[in-house]
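Asks: I'm passing along query.txt; it holds compact mmCIF, C-alpha atoms.
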```txt
# COMPACT_ATOMS: atom_id res chain seq x y z
CA MET A 1410 82.95 103.76 130.67
CA LYS A 1411 83.47 103.65 126.91
CA GLU A 1412 81.00 106.51 126.50
CA VAL A 1413 82.94 108.68 128.95
CA ALA A 1414 86.19 107.96 127.14
CA PHE A 1415 84.60 108.66 123.76
CA PHE A 1416 83.13 111.99 124.78
CA ALA A 1417 86.35 113.07 126.50
CA GLY A 1418 88.28 112.24 123.32
CA ALA A 1419 85.65 113.85 121.10
CA ILE A 1420 85.64 117.09 123.09
CA GLY A 1421 89.44 117.20 123.03
CA ALA A 1422 89.65 116.46 119.30
CA LEU A 1423 86.93 118.91 118.30
CA GLY A 1424 88.04 121.62 120.73
CA GLY A 1425 91.60 121.29 119.45
CA ALA A 1426 90.40 121.49 115.83
CA ILE A 1427 88.34 124.62 116.48
CA ALA A 1428 91.20 126.19 118.43
CA VAL A 1429 93.54 125.55 115.46
CA ILE A 1430 91.40 127.66 113.15
CA ALA A 1431 90.25 130.23 115.73
CA LEU A 1432 93.51 131.27 117.42
CA ARG A 1433 95.17 134.25 115.77
CA ASN A 1434 98.75 133.33 116.70
CA ALA A 1435 100.09 130.50 114.50
CA PHE A 1436 102.23 129.22 117.38
CA TYR A 1437 99.16 128.66 119.56
CA SER A 1438 97.46 126.95 116.63
CA VAL A 1439 100.30 124.42 116.53
CA LEU A 1440 99.94 123.82 120.27
CA ALA A 1441 96.17 123.31 119.81
CA LEU A 1442 96.99 120.73 117.13
CA ILE A 1443 98.88 118.70 119.76
CA VAL A 1444 95.73 118.56 121.94
CA HIS A 1445 93.75 117.47 118.89
CA LEU A 1446 96.24 114.75 117.92
CA ILE A 1447 96.53 113.27 121.41
CA SER A 1448 92.74 113.15 121.84
CA LEU A 1449 92.50 111.48 118.45
CA ALA A 1450 95.06 108.88 119.54
CA GLY A 1451 92.75 108.08 122.47
CA LEU A 1452 89.85 107.58 120.05
CA PHE A 1453 92.05 105.29 117.94
CA LEU A 1454 92.63 103.19 121.07
CA LEU A 1455 88.87 102.94 121.59
CA LEU A 1456 88.59 101.65 118.01
CA GLN A 1457 91.20 98.94 118.74
CA GLY A 1458 93.89 100.64 116.69
CA GLU A 1459 96.73 100.17 119.16
CA PHE A 1460 99.56 100.51 116.66
CA LEU A 1461 97.92 103.50 114.95
CA ALA A 1462 97.48 105.25 118.31
CA ALA A 1463 101.16 104.77 119.12
CA ALA A 1464 102.20 105.89 115.63
CA GLN A 1465 99.94 108.94 115.96
CA ILE A 1466 101.69 110.01 119.17
CA VAL A 1467 105.22 109.26 117.95
CA VAL A 1468 104.96 110.43 114.32
CA TYR A 1469 102.50 113.31 114.64
CA ALA A 1470 102.69 114.68 118.15
CA GLY A 1471 106.39 113.87 118.20
CA ALA A 1472 107.95 114.55 114.82
CA VAL A 1473 105.51 116.52 112.65
CA VAL A 1474 104.50 118.98 115.37
CA VAL A 1475 108.16 119.65 116.21
CA LEU A 1476 108.67 120.62 112.53
CA TYR A 1477 105.69 122.96 112.75
CA VAL A 1478 106.99 124.48 115.98
CA PHE A 1479 110.40 125.15 114.40
CA VAL A 1480 108.88 126.79 111.32
CA ALA A 1481 106.35 128.81 113.36
CA ALA A 1482 109.19 130.08 115.53
CA TYR A 1483 111.40 130.79 112.48
CA VAL A 1484 108.78 132.61 110.43
CA GLY A 1485 107.22 134.34 113.42
CA ASN A 1486 103.63 135.39 113.64
CA VAL A 1487 102.21 136.35 110.26
CA ASP A 1488 99.70 139.15 110.54
CA GLU A 1489 96.66 138.35 108.48
CA PRO A 1490 95.35 141.53 106.86
CA LEU A 1491 91.80 142.60 107.52
CA TRP A 1492 91.36 143.23 103.81
CA GLU A 1493 89.40 140.41 102.20
CA PRO A 1494 89.71 139.39 98.55
CA ILE A 1495 86.17 138.01 98.58
CA PRO A 1496 83.68 140.28 100.36
CA GLY A 1497 82.18 138.60 103.42
CA GLN A 1498 84.67 135.72 103.38
CA ARG A 1499 84.70 135.40 107.16
CA PHE A 1500 80.95 134.79 107.22
CA ILE A 1501 80.70 132.62 104.12
CA ALA A 1502 83.57 130.27 105.07
CA PRO A 1503 82.10 128.92 108.36
CA PHE A 1504 78.72 128.67 106.64
CA LEU A 1505 80.19 126.51 103.87
CA GLY A 1506 81.93 124.35 106.49
CA LEU A 1507 78.63 123.90 108.31
CA ALA A 1508 76.85 123.05 105.07
CA LEU A 1509 79.47 120.38 104.34
CA PHE A 1510 79.02 118.92 107.82
CA VAL A 1511 75.23 118.77 107.43
CA GLU A 1512 75.63 117.06 104.08
CA LEU A 1513 78.11 114.50 105.45
CA ALA A 1514 75.93 113.86 108.52
CA ILE A 1515 72.88 113.20 106.32
CA ALA A 1516 74.98 110.83 104.21
CA ILE A 1517 76.28 108.96 107.29
CA ILE A 1518 73.02 108.71 109.22
CA GLY A 1519 70.90 107.94 106.17
CA SER A 1520 73.37 105.51 104.63
CA GLY A 1521 71.49 102.36 105.68
CA LEU A 1522 74.74 100.52 106.38
CA LYS A 1523 73.87 98.05 109.12
CA SER A 1524 77.39 97.57 110.42
CA ILE A 1525 77.80 101.20 111.51
CA ASP A 1526 74.81 101.03 113.85
CA THR A 1527 76.66 98.52 116.04
CA GLU A 1528 79.84 98.62 118.04
CA GLY A 1529 81.44 96.36 115.48
CA PRO A 1530 81.93 92.61 115.62
CA ASP A 1531 83.99 90.94 118.30
CA VAL A 1532 87.56 90.77 117.12
CA ALA A 1533 90.49 88.58 118.03
CA LEU A 1534 92.93 89.74 120.68
CA GLY A 1535 95.68 90.81 118.28
CA PHE A 1536 93.43 93.16 116.23
CA GLY A 1537 95.38 96.29 115.38
CA SER A 1538 98.52 95.20 117.22
CA PRO A 1539 101.94 96.04 115.74
CA SER A 1540 102.60 92.43 114.73
CA SER A 1541 99.37 91.96 112.76
CA ILE A 1542 99.66 95.39 111.06
CA GLY A 1543 103.29 94.62 110.24
CA GLU A 1544 102.34 91.29 108.72
CA LEU A 1545 99.74 92.97 106.51
CA LEU A 1546 102.21 95.68 105.46
CA LEU A 1547 104.88 93.18 104.45
CA GLU A 1548 102.55 90.71 102.76
CA ARG A 1549 99.37 92.07 101.20
CA PHE A 1550 100.36 95.73 101.07
CA LEU A 1551 104.04 95.35 100.25
CA ILE A 1552 103.84 97.49 97.10
CA ALA A 1553 102.03 100.30 98.92
CA PHE A 1554 104.61 100.10 101.70
CA GLU A 1555 107.55 100.35 99.29
CA ALA A 1556 105.88 103.15 97.31
CA ALA A 1557 105.30 105.07 100.56
CA SER A 1558 108.95 104.71 101.54
CA LEU A 1559 110.06 105.92 98.10
CA LEU A 1560 107.67 108.89 98.39
CA LEU A 1561 109.14 109.78 101.78
CA LEU A 1562 112.63 109.75 100.28
CA VAL A 1563 111.55 112.01 97.41
CA ALA A 1564 109.81 114.39 99.85
CA ALA A 1565 112.91 114.59 102.05
CA VAL A 1566 115.17 115.37 99.07
CA GLY A 1567 112.61 117.89 97.79
CA ALA A 1568 112.46 119.66 101.14
CA VAL A 1569 116.25 119.98 101.24
CA VAL A 1570 116.29 121.42 97.70
CA LEU A 1571 113.44 123.84 98.48
CA ALA A 1572 114.81 125.14 101.75
CA ALA A 1573 118.46 125.38 100.63
CA ARG A 1574 119.92 128.87 100.66
CA ARG A 1575 119.95 130.57 97.30
CA LYS A 1576 123.53 131.84 97.55
CA GLU A 1577 124.94 128.36 98.08
CA SER A 1578 123.04 126.98 95.11
CA GLU A 1579 124.32 129.82 92.93
CA GLU A 1580 127.86 129.13 94.04
CA ILE A 1581 127.49 125.49 93.13
CA ALA A 1582 126.01 126.42 89.78
CA GLY A 1583 128.70 129.03 89.07
CA MET B 557 79.40 103.41 121.31
CA ASP B 558 77.99 102.96 117.82
CA ILE B 559 80.38 103.46 114.95
CA THR B 560 78.03 106.20 113.66
CA TRP B 561 79.22 108.48 116.46
CA TYR B 562 82.82 108.18 115.30
CA LEU B 563 81.81 108.89 111.71
CA VAL B 564 79.83 111.99 112.69
CA LEU B 565 82.78 113.23 114.77
CA SER B 566 85.04 112.62 111.78
CA ALA B 567 82.67 114.67 109.58
CA LEU B 568 82.70 117.50 112.15
CA ILE B 569 86.52 117.59 112.25
CA PHE B 570 86.68 117.50 108.44
CA ALA B 571 84.19 120.39 108.17
CA THR B 572 86.25 122.36 110.70
CA GLY B 573 89.33 121.82 108.56
CA VAL B 574 87.50 122.95 105.41
CA ALA B 575 86.23 126.08 107.16
CA GLY B 576 89.80 126.79 108.31
CA VAL B 577 91.23 126.51 104.80
CA LEU B 578 88.55 128.88 103.50
CA LEU B 579 88.93 131.31 106.39
CA ARG B 580 92.63 131.68 107.14
CA ARG B 581 95.21 133.35 104.96
CA SER B 582 98.48 132.24 106.57
CA PRO B 583 99.96 129.26 104.69
CA LEU B 584 101.18 127.72 107.95
CA VAL B 585 97.66 127.62 109.42
CA ILE B 586 96.30 126.29 106.11
CA LEU B 587 98.77 123.39 106.36
CA LEU B 588 97.51 122.76 109.91
CA CYS B 589 93.95 122.65 108.56
CA LEU B 590 94.97 120.13 105.89
CA GLU B 591 96.37 118.09 108.76
CA LEU B 592 92.96 118.25 110.47
CA MET B 593 91.23 116.98 107.33
CA LEU B 594 93.67 114.09 106.90
CA ASN B 595 93.17 113.13 110.53
CA ALA B 596 89.40 113.19 110.10
CA GLY B 597 89.85 110.81 107.17
CA ASN B 598 92.02 108.57 109.34
CA LEU B 599 89.37 108.47 112.04
CA ALA B 600 86.74 107.44 109.48
CA LEU B 601 89.06 104.73 108.11
CA LEU B 602 89.61 103.33 111.59
CA ALA B 603 85.90 103.48 112.37
CA PHE B 604 85.04 101.50 109.24
CA SER B 605 87.88 99.09 109.94
CA ARG B 606 86.34 98.44 113.38
CA ALA B 607 82.82 98.20 111.95
CA LEU B 608 83.86 95.52 109.49
CA GLY B 609 86.31 93.76 111.82
CA ASP B 610 88.95 94.02 109.11
CA GLN B 611 92.42 95.44 109.64
CA ASP B 612 92.95 96.69 106.09
CA GLY B 613 91.54 100.11 107.02
CA GLN B 614 94.26 100.53 109.63
CA VAL B 615 96.95 99.93 107.01
CA PHE B 616 95.25 102.58 104.84
CA ALA B 617 95.35 105.00 107.78
CA LEU B 618 99.06 104.30 108.26
CA ILE B 619 99.77 105.11 104.59
CA VAL B 620 97.71 108.31 104.95
CA MET B 621 100.00 109.28 107.84
CA VAL B 622 103.02 108.80 105.57
CA ILE B 623 101.42 111.00 102.90
CA ALA B 624 100.66 113.62 105.56
CA ALA B 625 104.29 113.61 106.65
CA CYS B 626 105.44 114.12 103.03
CA GLU B 627 102.96 116.95 102.57
CA VAL B 628 104.16 118.68 105.74
CA VAL B 629 107.83 118.39 104.77
CA VAL B 630 107.32 119.87 101.29
CA GLY B 631 104.81 122.50 102.48
CA LEU B 632 107.05 123.73 105.27
CA GLY B 633 110.00 123.75 102.86
CA ILE B 634 108.03 126.05 100.56
CA ILE B 635 107.09 128.33 103.47
CA VAL B 636 110.71 128.59 104.64
CA ALA B 637 111.91 129.27 101.08
CA ALA B 638 109.24 131.97 100.61
CA TYR B 639 110.16 133.58 103.92
CA ARG B 640 113.88 133.66 103.02
CA ARG B 641 113.12 135.39 99.72
CA ARG B 642 111.01 138.03 101.49
CA ILE B 643 107.87 136.86 99.72
CA PRO B 644 104.81 137.85 101.80
CA LEU B 645 103.35 134.81 103.56
CA ASN B 646 99.76 135.36 102.53
CA VAL B 647 97.99 132.92 100.24
CA ASP B 648 96.20 135.75 98.42
CA GLU B 649 99.52 137.18 97.32
CA LEU B 650 101.23 133.84 96.61
CA ARG B 651 99.77 133.56 93.14
CA THR B 652 102.67 132.89 90.80
CA LEU B 653 104.54 129.62 90.69
CA LYS B 654 107.74 131.27 89.48
CA GLY B 655 110.38 131.58 92.22
```
Starting from the file, give its structure as structure tokens.
Replies:
Amino acid sequence: MKEVAFFAGAIGALGGAIAVIALRNAFYSVLALIVHLISLAGLFLLLQGEFLAAAQIVVYAGAVVVLYVFVAAYVGNVDEPLWEPIPGQRFIAPFLGLALFVELAIAIIGSGLKSIDTEGPDVALGFGSPSSIGELLLERFLIAFEAASLLLLVAAVGAVVLAARRKESEEIAG
Amino acid sequence: MDITWYLVLSALIFATGVAGVLLRRSPLVILLCLELMLNAGNLALLAFSRALGDQDGQVFALIVMVIAACEVVVGLGIIVAAYRRRIPLNVDELRTLKG
């Protein structure tokens, strides 16, 4: 049963990822990203990451993708020119991606780590639940948590400054 | 399922994202490909967290999600600003940092 769920999630995640880079219309790429993210949330559930799976759906498939949809609709479809700055880029790029995958696969399979050849140890019932992740965030990782919240604030202010209309900013300055 | 399967899948998704960044010229799609790479990293973090029976990896993955959200907000802000100023949305022509 776990195998079926894993392969269903893997096909969804990989198919979504390939569709993101293969579809010519940016709007369809964003929709393919939703398929990818939801399949990945399923895989997170298989790895006992309940809170992460929920956060993936709410934060990514909910909030981030909506941002992408708005911008894709606002900017419209950008035609990518057939002219290539590097000759043969469209053949070299997938080849380099494949080479990276082969390298990573050799590193993973030949790593000799014993723990990755198992399904992982048996874990307590609350593993990955919101309460245990929350405890870790507010105790051991409190500084990282606060730094992340500060970073989010800075990013939000930065986005407002970047996307503000130029005329308004000139009026304020003048 | 062995954890190795999850790691290999994570490597595949990461390689797809890298190929996308090298292949596509639209900044919006390049941001989507960065998203793919960050998610591949998250999957690897969760897989190792499960392999070791330790929840620290999940907290790492949560922080990575926050960083991804920041990156999206700033990246999309730049795209919208470039579009408003009639700057062509093509990474080969977006070479100068001066607005």
Asks: At a cut-off of 7 Å, list the chain A residues touching chain B, using all atoms listed in the file, as JSON, numbers by chain.
Replies: {"A": [1411, 1412, 1419, 1423, 1426, 1427, 1430, 1435, 1456, 1461, 1473, 1484, 1487, 1489, 1498, 1499, 1502, 1503, 1505, 1506, 1507, 1509, 1510, 1513, 1514, 1524, 1525, 1526, 1527, 1528, 1529, 1530, 1532, 1537, 1542, 1546, 1557, 1561, 1564, 1565, 1567, 1568, 1571, 1572]}
Asks: As an exercise, work out the distance from atom CA of Ala1508 of chain A to atom CA of Ile1420 of chain A in Å and give it to one decimal place.
Replies: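 For atom CA of Ala1508 of chain A relative to atom CA of Ile1420 of chain A, the distance reads 20.9 Å.
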Asks: Any idea what the distance is between atom CA of Glu1459 of chain A and atom CA of Ser1541 of chain A?
Replies: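 Atom CA of Ser1541 of chain A lies 10.7 Å from atom CA of Glu1459 of chain A.
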Asks: Would you pick out the contacts of Ala1428 of chain A at 10 Å or less, using all atoms listed in the file, so that residues sharing its chain but fewer than 2 positions from it are not included, and give the list as a list in words?
Replies: Ala1422, Leu1423, Gly1424, Gly1425, Ala1426, Ile1430, Ala1431, Leu1432, Arg1433, Tyr1437, Ser1438, Val1439, Leu1440, Ala1441, Leu1442, Val1444 and His1445 of chain A; Thr572 of chain B
Asks: What is the distance between atom CA of Phe1460 of chain A and atom CA of Ser1538 of chain A, in Å to one decimal?
Replies: 5.4 Å
